[in-house]
$ cat my_file.cif   # mmCIF, C-alpha atoms
data_target
loop_
_atom_site.group_PDB
_atom_site.id
_atom_site.type_symbol
_atom_site.label_atom_id
_atom_site.label_comp_id
_atom_site.auth_asym_id
_atom_site.auth_seq_id
_atom_site.Cartn_x
_atom_site.Cartn_y
_atom_site.Cartn_z
ATOM 1 C CA MET A 319 -60.254 5.742 13.959
ATOM 2 C CA ALA A 320 -59.394 6.081 10.278
ATOM 3 C CA LEU A 321 -57.515 9.343 10.911
ATOM 4 C CA LEU A 322 -55.343 7.776 13.600
ATOM 5 C CA ALA A 323 -54.407 4.836 11.375
ATOM 6 C CA SER A 324 -53.414 7.044 8.449
ATOM 7 C CA GLY A 325 -51.350 9.333 10.709
ATOM 8 C CA ASP A 326 -49.269 6.405 12.006
ATOM 9 C CA SER A 327 -48.389 5.058 8.556
ATOM 10 C CA GLY A 328 -47.175 8.444 7.261
ATOM 11 C CA GLY A 329 -44.538 8.805 9.998
ATOM 12 C CA GLY A 330 -42.770 5.527 9.105
ATOM 13 C CA GLY A 331 -42.087 6.546 5.492
ATOM 14 C CA GLY A 332 -39.355 9.017 6.472
ATOM 15 C CA GLY A 333 -37.456 6.325 8.369
ATOM 16 C CA ALA A 334 -37.580 3.955 5.407
ATOM 17 C CA ILE A 335 -36.120 6.639 3.114
ATOM 18 C CA LEU A 336 -33.311 7.272 5.593
ATOM 19 C CA GLN A 337 -32.508 3.549 5.772
ATOM 20 C CA LEU A 338 -32.537 3.297 1.989
ATOM 21 C CA GLY A 339 -30.193 6.293 1.767
ATOM 22 C CA ILE A 340 -27.751 4.693 4.208
ATOM 23 C CA LEU A 341 -27.817 1.408 2.275
ATOM 24 C CA LEU A 342 -27.020 3.287 -0.940
ATOM 25 C CA LEU A 343 -24.100 5.122 0.709
ATOM 26 C CA ILE A 344 -22.351 1.909 1.813
ATOM 27 C CA PRO A 345 -21.049 0.945 -1.685
ATOM 28 C CA PHE A 346 -19.740 4.483 -2.229
ATOM 29 C CA ALA A 347 -17.951 4.442 1.132
ATOM 30 C CA MET A 348 -16.432 1.029 0.349
ATOM 31 C CA TYR A 349 -15.179 2.340 -2.993
ATOM 32 C CA PHE A 350 -13.513 5.416 -1.509
ATOM 33 C CA PHE A 351 -12.070 3.755 1.599
ATOM 34 C CA MET A 352 -11.123 0.308 0.274
ATOM 35 C CA ILE A 353 -11.051 -0.064 -3.506
ATOM 36 C CA ARG A 354 -9.433 3.251 -4.543
ATOM 37 C CA PRO A 355 -6.476 3.009 -2.101
ATOM 38 C CA GLN A 356 -5.840 -0.611 -3.117
ATOM 39 C CA ARG A 357 -5.792 0.328 -6.804
ATOM 40 C CA ARG A 358 -3.371 3.172 -6.047
ATOM 41 C CA ARG A 359 -1.019 0.825 -4.148
ATOM 42 C CA THR A 360 -1.182 -1.717 -6.984
ATOM 43 C CA ARG A 361 -0.392 0.947 -9.573
ATOM 44 C CA GLU A 362 2.572 2.232 -7.508
ATOM 45 C CA ALA A 363 3.936 -1.312 -7.119
ATOM 46 C CA GLN A 364 3.691 -1.906 -10.874
ATOM 47 C CA GLU A 365 5.504 1.367 -11.608
ATOM 48 C CA LEU A 366 8.260 0.422 -9.145
ATOM 49 C CA GLN A 367 8.668 -3.023 -10.706
ATOM 50 C CA ARG A 368 8.940 -1.475 -14.182
ATOM 51 C CA SER A 369 11.568 1.018 -13.004
ATOM 52 C CA ILE A 370 13.936 -1.602 -11.525
ATOM 53 C CA GLU A 371 17.265 -1.713 -13.373
ATOM 54 C CA VAL A 372 20.549 -3.565 -13.078
ATOM 55 C CA GLY A 373 22.569 -2.098 -10.210
ATOM 56 C CA ASP A 374 19.606 -1.125 -8.015
ATOM 57 C CA GLU A 375 19.520 -2.273 -4.401
ATOM 58 C CA ILE A 376 16.124 -3.737 -3.562
ATOM 59 C CA VAL A 377 14.177 -5.608 -0.925
ATOM 60 C CA THR A 378 11.875 -8.458 -1.900
ATOM 61 C CA THR A 379 8.434 -9.192 -0.502
ATOM 62 C CA SER A 380 10.000 -11.927 1.640
ATOM 63 C CA GLY A 381 12.483 -9.467 3.157
ATOM 64 C CA VAL A 382 15.620 -10.445 1.227
ATOM 65 C CA PHE A 383 17.940 -7.504 0.517
ATOM 66 C CA GLY A 384 20.263 -7.526 -2.463
ATOM 67 C CA LYS A 385 21.568 -5.871 -5.582
ATOM 68 C CA ILE A 386 20.278 -6.564 -9.084
ATOM 69 C CA THR A 387 23.147 -7.961 -11.142
ATOM 70 C CA GLY A 388 21.366 -8.989 -14.321
ATOM 71 C CA GLU A 389 18.104 -9.696 -16.095
ATOM 72 C CA ASP A 390 16.918 -13.172 -16.968
ATOM 73 C CA GLY A 391 14.088 -12.448 -19.350
ATOM 74 C CA PRO A 392 11.402 -9.813 -19.018
ATOM 75 C CA ASN A 393 10.008 -11.065 -15.699
ATOM 76 C CA ARG A 394 13.089 -12.267 -13.773
ATOM 77 C CA PHE A 395 16.230 -10.816 -12.238
ATOM 78 C CA TRP A 396 19.452 -12.121 -10.761
ATOM 79 C CA LEU A 397 19.797 -10.791 -7.216
ATOM 80 C CA GLU A 398 23.167 -10.834 -5.460
ATOM 81 C CA ILE A 399 22.505 -11.307 -1.748
ATOM 82 C CA ASP A 400 26.131 -11.837 -0.655
ATOM 83 C CA ASP A 401 29.566 -12.001 -2.243
ATOM 84 C CA ASP A 402 29.296 -14.488 -5.131
ATOM 85 C CA VAL A 403 25.835 -15.630 -3.984
ATOM 86 C CA GLN A 404 23.078 -14.935 -6.502
ATOM 87 C CA ILE A 405 19.469 -15.989 -6.636
ATOM 88 C CA ARG A 406 16.913 -15.603 -9.384
ATOM 89 C CA ILE A 407 13.744 -13.733 -8.423
ATOM 90 C CA ALA A 408 10.546 -12.723 -10.173
ATOM 91 C CA ARG A 409 9.988 -9.074 -10.994
ATOM 92 C CA ALA A 410 6.723 -9.244 -9.022
ATOM 93 C CA ALA A 411 8.686 -10.173 -5.863
ATOM 94 C CA VAL A 412 10.267 -6.709 -5.646
ATOM 95 C CA GLN A 413 8.754 -4.766 -2.759
ATOM 96 C CA GLY A 414 10.869 -1.633 -2.893
ATOM 97 C CA LYS A 415 14.165 0.039 -3.567
ATOM 98 C CA VAL A 416 16.621 0.407 -0.706
ATOM 99 C CA PRO A 417 17.588 4.048 -0.154
ATOM 100 C CA ALA A 418 21.246 5.049 -0.348
ATOM 101 C CA ASP A 419 23.340 4.486 2.797
ATOM 102 C CA ASP A 420 23.958 8.215 3.257
ATOM 103 C CA ASP A 421 20.232 8.892 3.484
ATOM 104 C CA THR A 422 19.610 6.157 6.054
ATOM 105 C CA GLU A 423 22.509 7.262 8.269
ATOM 106 C CA THR A 424 21.270 10.843 8.235
ATOM 107 C CA ALA A 425 17.744 9.690 9.063
ATOM 108 C CA ASP A 426 19.041 7.485 11.906
ATOM 109 C CA GLU A 427 21.039 10.365 13.376
ATOM 110 C CA ALA A 428 18.047 12.697 13.145
ATOM 111 C CA ALA A 429 15.833 10.111 14.853
ATOM 112 C CA LYS A 430 18.342 9.662 17.657
ATOM 113 C CA SER A 431 18.732 13.394 18.240
ATOM 114 C CA GLY A 432 14.950 13.881 18.094
ATOM 115 C CA SER A 433 14.288 11.104 20.595
ATOM 116 C CA SER A 434 16.923 12.389 23.021
ATOM 117 C CA ASP A 435 15.344 15.868 22.939
ATOM 118 C CA SER A 436 11.944 14.487 23.785
ATOM 119 C CA ASP A 437 13.322 12.595 26.807
ATOM 120 C CA ASP A 438 14.290 15.853 28.587
#

$ encode --input "my_file.cif" --output "structure tokens"
Amino acid sequence: MALLASGDSGGGGGGAILQLGILLLIPFAMYFFMIRPQRRRTREAQELQRSIEVGDEIVTTSGVFGKITGEDGPNRFWLEIDDDVQIRIARAAVQGKVPADDDTETADEAAKSGSSDSDD
């Protein structure tokens, strides 16, 4: 009887080590799949906000498009959204720069020609 009891307890130790290994891998997976990409996006957004200058066309986080016409301190800009209509925005509200019109027209034409080829 003693041999049977000791044989059963030895087989369960390998499963416990496997479970412990999986539990230790979860924080590493979270770091590589969640924390690192978020830090990269944050760093890119900060670099973009530092590179904004007067004359750049931008889009804000709320979706407002406009052209930077002036700076109002280190953390604010004047954004012209229409002829003689300006609003003051925070530097942190800048989501991205708007590409030049020539680039967007070329991209739109390429998308149209590519989609018409795939329809045939």

$ atom_distance --input "my_file.cif" --atom1 "atom CA of Glu398 of chain A" --atom2 "atom CA of Arg359 of chain A"
26.9 Å

$ residues_around --input "my_file.cif" --residues "segment 402-411 of chain A" --least-positions-apart "5" --cutoff "7 Å" --atoms "all atoms listed in the file" --output "JSON, numbers by chain"
{"A": [367, 378, 379, 393, 394, 395, 396, 397]}

$ write_last_selection --input "my_file.cif" --atoms "C-alpha atoms" --output "PDB file, in the frame of the given file"
ATOM      1  CA  GLN A 367       8.668  -3.023 -10.706  1.00  0.00           C
ATOM      2  CA  THR A 378      11.875  -8.458  -1.900  1.00  0.00           C
ATOM      3  CA  THR A 379       8.434  -9.192  -0.502  1.00  0.00           C
ATOM      4  CA  ASN A 393      10.008 -11.065 -15.699  1.00  0.00           C
ATOM      5  CA  ARG A 394      13.089 -12.267 -13.773  1.00  0.00           C
ATOM      6  CA  PHE A 395      16.230 -10.816 -12.238  1.00  0.00           C
ATOM      7  CA  TRP A 396      19.452 -12.121 -10.761  1.00  0.00           C
ATOM      8  CA  LEU A 397      19.797 -10.791  -7.216  1.00  0.00           C
TER       9      LEU A 397
END

$ atom_distance --input "my_file.cif" --atom1 "atom CA of Gln413 of chain A" --atom2 "atom CA of Arg361 of chain A"
12.8 Å

$ residues_around --input "my_file.cif" --residues "segment 370-373 of chain A" --least-positions-apart "5" --cutoff "8 Å" --atoms "only C-alpha atoms" --output "number ranges by chain"
A: 385-389

$ atom_distance --input "my_file.cif" --atom1 "atom CA of Val416 of chain A" --atom2 "atom CA of Glu365 of chain A"
15.6 Å

$ closest_residue --input "my_file.cif" --among "A:Ile353, A:Leu336, A:Leu341, A:Val377" --to "Pro417 of chain A" --atoms "all atoms listed in the file"
A:Val377

$ closest_residue --input "my_file.cif" --among "A:Gly414, A:Leu338, A:Gln364, A:Asp419" --to "Ser380 of chain A" --atoms "only C-alpha atoms"
A:Gly414

$ closest_residue --input "my_file.cif" --among "A:Glu375, A:Gly333, A:Ser369, A:Pro345" --to "Ala418 of chain A" --atoms "only C-alpha atoms"
A:Glu375

$ axis_aligned_box --input "my_file.cif" --around "segment 358-363 of chain A" --padding-each-side "3 Å" --output "lines of an AutoDock Vina configuration file"
center_x = 0.3
center_y = 0.7
center_z = -6.9
size_x = 13.3
size_y = 10.9
size_z = 11.4
